file my_file_24.json (JSON, C-alpha atoms)
[["chain", "number", "residue", "atom", "x", "y", "z"],
["A", 5, "MET", "CA", 58.22, 139.62, 171.29],
["A", 6, "LYS", "CA", 54.46, 139.92, 170.97],
["A", 7, "ARG", "CA", 53.07, 138.36, 167.78],
["A", 8, "ILE", "CA", 50.20, 140.08, 165.95],
["A", 9, "ALA", "CA", 47.78, 137.76, 164.12],
["A", 10, "PHE", "CA", 44.17, 137.44, 163.09],
["A", 11, "THR", "CA", 41.85, 135.23, 165.07],
["A", 12, "LEU", "CA", 39.81, 132.54, 163.34],
["A", 13, "ALA", "CA", 36.64, 134.54, 163.97],
["A", 14, "GLU", "CA", 38.12, 137.60, 162.26],
["A", 15, "VAL", "CA", 39.16, 135.56, 159.24],
["A", 16, "LEU", "CA", 35.70, 134.01, 158.94],
["A", 17, "ILE", "CA", 34.02, 137.41, 159.22],
["A", 18, "THR", "CA", 36.29, 138.84, 156.51],
["A", 19, "LEU", "CA", 35.60, 135.90, 154.19],
["A", 20, "GLY", "CA", 31.88, 136.30, 154.82],
["A", 21, "ILE", "CA", 32.01, 139.97, 153.87],
["A", 22, "ILE", "CA", 33.96, 139.16, 150.71],
["A", 23, "GLY", "CA", 31.37, 136.51, 149.81],
["A", 24, "VAL", "CA", 28.46, 138.90, 150.28],
["A", 25, "VAL", "CA", 30.14, 141.59, 148.15],
["A", 26, "ALA", "CA", 30.91, 139.04, 145.44],
["A", 27, "ALA", "CA", 27.33, 137.75, 145.46],
["A", 28, "LEU", "CA", 26.06, 141.29, 144.99],
["A", 29, "THR", "CA", 28.50, 142.43, 142.29],
["A", 30, "ILE", "CA", 29.31, 139.38, 140.14],
["A", 31, "PRO", "CA", 25.80, 139.02, 138.60],
["A", 32, "THR", "CA", 25.86, 142.71, 137.65],
["A", 33, "LEU", "CA", 29.33, 142.38, 136.12],
["A", 34, "MET", "CA", 28.26, 139.33, 134.13],
["A", 35, "ALA", "CA", 25.09, 141.05, 132.90],
["A", 36, "ASN", "CA", 27.10, 144.10, 131.84],
["A", 37, "HIS", "CA", 29.50, 141.83, 129.95],
["A", 38, "ARG", "CA", 26.62, 140.12, 128.12],
["A", 39, "LYS", "CA", 25.20, 143.52, 127.20],
["A", 40, "LYS", "CA", 28.58, 144.67, 125.87],
["A", 41, "VAL", "CA", 28.89, 141.56, 123.69],
["A", 42, "VAL", "CA", 25.43, 142.19, 122.21],
["A", 43, "GLU", "CA", 26.13, 145.89, 121.61],
["A", 44, "THR", "CA", 29.44, 145.16, 119.90],
["A", 45, "LYS", "CA", 28.14, 142.35, 117.70],
["A", 46, "LEU", "CA", 25.01, 144.21, 116.62],
["A", 47, "GLU", "CA", 27.01, 147.25, 115.57],
["A", 48, "LYS", "CA", 29.51, 145.01, 113.80],
["A", 49, "ILE", "CA", 26.95, 142.99, 111.80],
["A", 50, "TYR", "CA", 25.24, 146.23, 110.76],
["A", 51, "SER", "CA", 28.56, 147.60, 109.55],
["A", 52, "VAL", "CA", 29.94, 144.53, 107.76],
["A", 53, "VAL", "CA", 26.71, 143.64, 105.95],
["A", 54, "ASN", "CA", 26.21, 147.20, 104.73],
["A", 55, "GLN", "CA", 29.84, 147.30, 103.65],
["A", 56, "ALA", "CA", 29.23, 144.07, 101.71],
["A", 57, "ILE", "CA", 26.16, 145.66, 100.09],
["A", 58, "ASN", "CA", 28.24, 148.68, 99.05],
["A", 59, "LEU", "CA", 30.89, 146.40, 97.54],
["A", 60, "THR", "CA", 28.19, 144.49, 95.66],
["A", 61, "ASN", "CA", 26.84, 147.78, 94.36],
["A", 62, "ALA", "CA", 30.32, 148.64, 93.13],
["A", 63, "GLU", "CA", 30.41, 145.35, 91.22],
["A", 64, "TYR", "CA", 26.87, 145.11, 89.85],
["A", 65, "GLY", "CA", 25.56, 148.66, 90.06],
["A", 66, "ASP", "CA", 22.67, 149.92, 92.15],
["A", 67, "VAL", "CA", 20.98, 147.35, 94.40],
["A", 68, "THR", "CA", 17.91, 147.39, 92.15],
["A", 69, "ASN", "CA", 20.04, 145.59, 89.55],
["A", 70, "TRP", "CA", 20.86, 142.60, 91.74],
["A", 71, "ILE", "CA", 18.15, 142.22, 94.38],
["A", 72, "ILE", "CA", 15.53, 139.55, 93.65],
["A", 73, "ASP", "CA", 11.86, 139.56, 94.64],
["A", 74, "CYS", "CA", 11.05, 136.27, 96.36],
["A", 75, "GLY", "CA", 7.57, 137.28, 97.39],
["A", 76, "SER", "CA", 6.22, 137.53, 100.90],
["A", 77, "SER", "CA", 6.73, 135.42, 103.98],
["A", 78, "GLY", "CA", 5.14, 132.09, 104.72],
["A", 79, "ALA", "CA", 3.71, 129.91, 102.00],
["A", 80, "ASN", "CA", 3.79, 132.81, 99.54],
["A", 81, "ALA", "CA", 7.58, 132.83, 99.15],
["A", 82, "THR", "CA", 8.48, 132.26, 95.49],
["A", 83, "CYS", "CA", 12.17, 131.32, 95.89],
["A", 84, "SER", "CA", 13.57, 128.07, 97.19],
["A", 85, "ILE", "CA", 16.23, 128.21, 99.87],
["A", 86, "ASP", "CA", 18.71, 126.86, 97.30],
["A", 87, "GLU", "CA", 17.98, 129.82, 95.03],
["A", 88, "VAL", "CA", 18.44, 132.18, 97.97],
["A", 89, "GLU", "CA", 21.78, 130.56, 98.78],
["A", 90, "ASP", "CA", 23.00, 130.95, 95.18],
["A", 91, "TRP", "CA", 21.90, 134.59, 95.14],
["A", 92, "PHE", "CA", 23.50, 135.38, 98.50],
["A", 93, "ASN", "CA", 26.80, 133.67, 97.67],
["A", 94, "SER", "CA", 27.08, 135.57, 94.39],
["A", 95, "THR", "CA", 26.32, 138.97, 95.95],
["A", 96, "ILE", "CA", 26.59, 139.94, 99.63],
["A", 97, "GLY", "CA", 28.22, 136.69, 100.72],
["A", 98, "LYS", "CA", 31.26, 137.27, 98.49],
["A", 99, "HIS", "CA", 32.28, 140.10, 100.81],
["A", 100, "LEU", "CA", 31.76, 138.47, 104.22],
["A", 101, "GLU", "CA", 34.10, 136.23, 106.23],
["A", 102, "ILE", "CA", 32.00, 133.05, 106.22],
["A", 103, "LEU", "CA", 32.95, 129.80, 107.94],
["A", 104, "LYS", "CA", 30.04, 127.72, 106.62],
["A", 105, "THR", "CA", 26.37, 127.84, 105.62],
["A", 106, "GLU", "CA", 23.46, 125.65, 106.63],
["A", 107, "LYS", "CA", 19.85, 125.34, 105.49],
["A", 108, "THR", "CA", 17.18, 124.79, 108.13],
["A", 109, "LYS", "CA", 13.89, 126.14, 109.51],
["A", 110, "ASN", "CA", 13.64, 129.39, 111.43],
["A", 111, "ARG", "CA", 12.73, 129.50, 115.10],
["A", 112, "THR", "CA", 8.97, 129.35, 114.41],
["A", 113, "ASN", "CA", 9.50, 126.41, 112.03],
["A", 114, "THR", "CA", 7.42, 128.08, 109.32],
["A", 115, "ASN", "CA", 10.00, 129.22, 106.79],
["A", 116, "ASP", "CA", 13.20, 127.89, 105.30],
["A", 117, "ILE", "CA", 16.23, 129.87, 106.38],
["A", 118, "LEU", "CA", 19.85, 130.00, 105.28],
["A", 119, "LEU", "CA", 22.21, 130.24, 108.26],
["A", 120, "ILE", "CA", 25.53, 131.96, 107.55],
["A", 121, "TYR", "CA", 28.13, 131.23, 110.23],
["A", 122, "LEU", "CA", 30.55, 134.15, 110.46],
["A", 123, "LYS", "CA", 34.16, 134.18, 111.56],
["A", 124, "ASP", "CA", 33.45, 136.05, 114.83],
["A", 125, "GLY", "CA", 31.07, 133.29, 115.99],
["A", 126, "SER", "CA", 27.82, 135.08, 115.17],
["A", 127, "VAL", "CA", 25.24, 133.78, 112.70],
["A", 128, "LEU", "CA", 23.22, 135.66, 110.08],
["A", 129, "GLY", "CA", 19.95, 134.11, 108.93],
["A", 130, "VAL", "CA", 18.41, 134.83, 105.52],
["A", 131, "THR", "CA", 14.83, 133.67, 104.91],
["A", 132, "ASN", "CA", 13.58, 132.15, 101.70],
["A", 133, "TYR", "CA", 11.83, 135.45, 100.96],
["A", 134, "ILE", "CA", 15.10, 137.37, 101.60],
["A", 135, "TYR", "CA", 13.90, 140.73, 102.88],
["A", 136, "ASP", "CA", 13.54, 139.51, 106.48],
["A", 137, "MET", "CA", 16.90, 138.61, 108.00],
["A", 138, "VAL", "CA", 17.77, 137.60, 111.55],
["A", 139, "PHE", "CA", 20.91, 137.72, 113.65],
["A", 140, "TYR", "CA", 22.11, 135.28, 116.30],
["A", 141, "VAL", "CA", 24.81, 136.62, 118.64],
["A", 142, "ASN", "CA", 26.37, 133.14, 118.69],
["A", 143, "SER", "CA", 25.61, 129.65, 117.42],
["A", 144, "ASP", "CA", 24.21, 128.56, 120.82],
["A", 145, "ALA", "CA", 21.39, 131.07, 120.30],
["A", 146, "ILE", "CA", 20.02, 128.97, 117.43],
["A", 147, "SER", "CA", 18.87, 126.24, 119.82],
["A", 148, "ASN", "CA", 18.34, 128.56, 122.81],
["A", 149, "THR", "CA", 16.71, 131.56, 121.16],
["A", 150, "GLN", "CA", 15.94, 134.54, 123.39],
["A", 151, "ALA", "CA", 14.60, 137.40, 121.30],
["A", 152, "GLY", "CA", 16.06, 140.73, 122.34],
["A", 153, "LYS", "CA", 18.99, 139.06, 124.11],
["A", 154, "ASN", "CA", 20.72, 136.73, 121.64],
["A", 155, "TYR", "CA", 18.38, 136.94, 118.63],
["A", 156, "PHE", "CA", 17.44, 140.10, 116.70],
["A", 157, "SER", "CA", 15.32, 140.98, 113.67],
["A", 158, "PHE", "CA", 16.69, 142.85, 110.65],
["A", 159, "ARG", "CA", 15.34, 143.73, 107.21],
["A", 160, "PHE", "CA", 16.87, 144.21, 103.76],
["A", 161, "ASN", "CA", 14.05, 145.78, 101.78],
["A", 162, "PRO", "CA", 15.64, 148.03, 99.11],
["A", 163, "ILE", "CA", 12.82, 147.88, 96.55],
["A", 164, "LEU", "CA", 9.05, 147.87, 96.66],
["A", 165, "LEU", "CA", 8.17, 144.19, 96.40],
["A", 166, "SER", "CA", 5.13, 142.89, 94.56],
["A", 167, "HIS", "CA", 3.09, 142.22, 97.70],
["A", 168, "GLN", "CA", 3.96, 145.68, 99.07],
["A", 169, "ASN", "CA", 2.57, 147.53, 96.08],
["A", 170, "ASN", "CA", -0.42, 149.06, 97.81],
["A", 171, "GLU", "CA", -1.02, 152.25, 99.76],
["A", 172, "GLU", "CA", -1.47, 150.59, 103.16],
["A", 173, "SER", "CA", 1.76, 148.58, 102.92],
["A", 174, "GLN", "CA", 3.74, 151.63, 101.83],
["A", 175, "LYS", "CA", 2.65, 153.49, 104.98],
["A", 176, "ASP", "CA", 4.11, 150.67, 107.06],
["A", 177, "LEU", "CA", 7.37, 150.80, 105.10],
["A", 178, "LYS", "CA", 8.14, 154.43, 105.94],
["A", 179, "TYR", "CA", 11.20, 153.52, 108.02],
["A", 180, "SER", "CA", 12.16, 150.15, 106.55],
["A", 181, "LEU", "CA", 12.14, 150.57, 102.75],
["A", 182, "LYS", "CA", 15.86, 151.31, 102.41],
["A", 183, "PRO", "CA", 18.72, 150.11, 100.17],
["A", 184, "THR", "CA", 20.61, 149.08, 103.31],
["A", 185, "PHE", "CA", 20.55, 146.31, 105.91],
["A", 186, "GLU", "CA", 18.56, 147.75, 108.83],
["A", 187, "PRO", "CA", 17.18, 146.71, 112.22],
["A", 188, "TYR", "CA", 13.53, 145.76, 111.85],
["A", 189, "SER", "CA", 11.27, 148.82, 112.12],
["A", 190, "ASN", "CA", 8.19, 147.97, 110.09],
["A", 191, "TYR", "CA", 5.05, 149.69, 111.45],
["A", 192, "TRP", "CA", 7.17, 151.99, 113.66],
["A", 193, "ASN", "CA", 5.92, 155.57, 114.14],
["A", 194, "GLY", "CA", 9.40, 157.06, 114.62],
["A", 195, "THR", "CA", 9.32, 157.53, 118.41],
["A", 196, "ARG", "CA", 11.62, 155.93, 120.95],
["A", 197, "GLU", "CA", 8.62, 155.27, 123.18],
["A", 198, "GLN", "CA", 7.09, 152.93, 120.61],
["A", 199, "LEU", "CA", 10.35, 151.05, 120.18],
["A", 200, "ILE", "CA", 10.24, 150.27, 123.90],
["A", 201, "ASP", "CA", 6.54, 149.49, 124.33],
["A", 202, "GLY", "CA", 3.06, 150.42, 123.15],
["A", 203, "HIS", "CA", 3.11, 148.41, 119.92],
["A", 204, "SER", "CA", 2.75, 144.72, 119.15],
["A", 205, "PHE", "CA", 6.26, 144.70, 117.60],
["A", 206, "SER", "CA", 7.86, 146.75, 120.40],
["A", 207, "CYS", "CA", 10.88, 145.42, 122.25],
["A", 208, "ALA", "CA", 8.82, 144.78, 125.37],
["A", 209, "GLN", "CA", 6.14, 142.78, 123.55],
["A", 210, "ASN", "CA", 7.01, 140.96, 120.32],
["A", 211, "HIS", "CA", 10.71, 141.98, 120.61],
["A", 212, "GLY", "CA", 10.80, 142.90, 116.92],
["A", 213, "PHE", "CA", 12.05, 146.45, 117.56],
["A", 214, "CYS", "CA", 14.84, 145.52, 120.02],
["A", 215, "ALA", "CA", 17.72, 145.91, 117.54],
["A", 216, "LYS", "CA", 16.22, 149.19, 116.34],
["A", 217, "LEU", "CA", 16.02, 150.45, 119.92],
["A", 218, "ILE", "CA", 19.68, 149.60, 120.52],
["A", 219, "GLN", "CA", 20.66, 151.33, 117.28],
["A", 220, "TYR", "CA", 18.50, 154.37, 118.19],
["A", 221, "ASP", "CA", 20.41, 154.64, 121.48],
["A", 222, "GLY", "CA", 23.80, 154.67, 119.72],
["A", 223, "TRP", "CA", 24.30, 150.89, 119.77],
["A", 224, "LYS", "CA", 23.93, 150.89, 123.55],
["A", 225, "ILE", "CA", 21.58, 148.92, 125.78],
["A", 226, "SER", "CA", 20.12, 151.66, 127.96],
["A", 227, "LYS", "CA", 18.91, 151.37, 131.54],
["A", 228, "ASP", "CA", 15.27, 151.28, 130.44],
["A", 229, "TYR", "CA", 15.84, 148.47, 127.92],
["A", 230, "PRO", "CA", 12.80, 146.27, 128.58],
["A", 231, "ILE", "CA", 14.57, 142.90, 128.59],
["A", 232, "LYS", "CA", 16.79, 141.94, 131.51],
["A", 233, "PHE", "CA", 20.23, 140.43, 131.00]]
call {"tool": "encode", "arguments": {"input": "my_file_24.json", "output": "structure tokens"}}
result
Amino acid sequence: MKRIAFTLAEVLITLGIIGVVAALTIPTLMANHRKKVVETKLEKIYSVVNQAINLTNAEYGDVTNWIIDCGSSGANATCSIDEVEDWFNSTIGKHLEILKTEKTKNRTNTNDILLIYLKDGSVLGVTNYIYDMVFYVNSDAISNTQAGKNYFSFRFNPILLSHQNNEESQKDLKYSLKPTFEPYSNYWNGTREQLIDGHSFSCAQNHGFCAKLIQYDGWKISKDYPIKF
């Protein structure tokens, strides 16, 4: 009987084709997976923190009853990080699944920050002036920070703070003065174009608006997202 088999050359050619296809597709698959993780975790942190705020409102009344004014960023902050930790643990933190907390400096090493390690592996950062908050997709992002990929800016600015009590500041707060935890959008003009580029805080430049851009697009990282995964 005649035996049918592949020659060594045919096997090598087939393996070569498989290798080329894998080299072309695997990076795309991995990038898509990283995007999906970011999309899911951003939407989740937005949901769970706002749910915690609602539960705190149910306990203490409107947010204006329990928020504290710790001044502005930098050297002008009026609260110590210990005071921020006590405030957070007695309000929002009571309603989050927290593994541990840690006090350190933020990525620019200019402000004290309270790191809240959450059960899903992500980390929420609360500054010593409270209203600016940051989000790390995982704990590795703390030492390997890549803004717009594993690190995102948020804001919890429910009341007009003392340093914001002027006409110019209130113009900038049009989209960020809210009683909820929101992606950073200070100085935004309301257009998607500015979230992408054309502003010093845009996702393409300072990366400050990246979380807002993802939220604007339905918690999806769109094809024109300016940072590559």
call {"tool": "closest_residue", "arguments": {"input": "my_file_24.json", "among": "A:Arg196, A:His167, A:Arg159, A:Lys153", "to": "A:Thr184", "atoms": "all atoms listed in the file"}}
result
A:Arg159
call {"tool": "closest_residue", "arguments": {"input": "my_file_24.json", "among": "A:Ala145, A:Leu128, A:Ile163, A:Cys214", "to": "A:Val52", "atoms": "only C-alpha atoms"}}
result
A:Leu128
call {"tool": "atom_distance", "arguments": {"input": "my_file_24.json", "atom1": "atom CA of A:Asp221", "atom2": "atom CA of A:Phe185"}}
result
17.7 Å
call {"tool": "residues_near_point", "arguments": {"input": "my_file_24.json", "point": "(18.3, 153.9, 98.3)", "cutoff": "12 Å", "atoms": "all atoms listed in the file", "output": "ChimeraX atom specification"}}
result
/A:57-58,61,66-68,160-164,180-185
call {"tool": "residues_around", "arguments": {"input": "my_file_24.json", "residues": "A:His211", "least_positions_apart": "4", "cutoff": "12 Å", "atoms": "all atoms listed in the file", "output": "VMD selection string"}}
result
chain A and resid 150 to 158 187 to 189 198 to 207 215 to 218 229 to 231
call {"tool": "atom_distance", "arguments": {"input": "my_file_24.json", "atom1": "atom CA of A:Asn80", "atom2": "atom CA of A:Val127"}}
result
25.2 Å
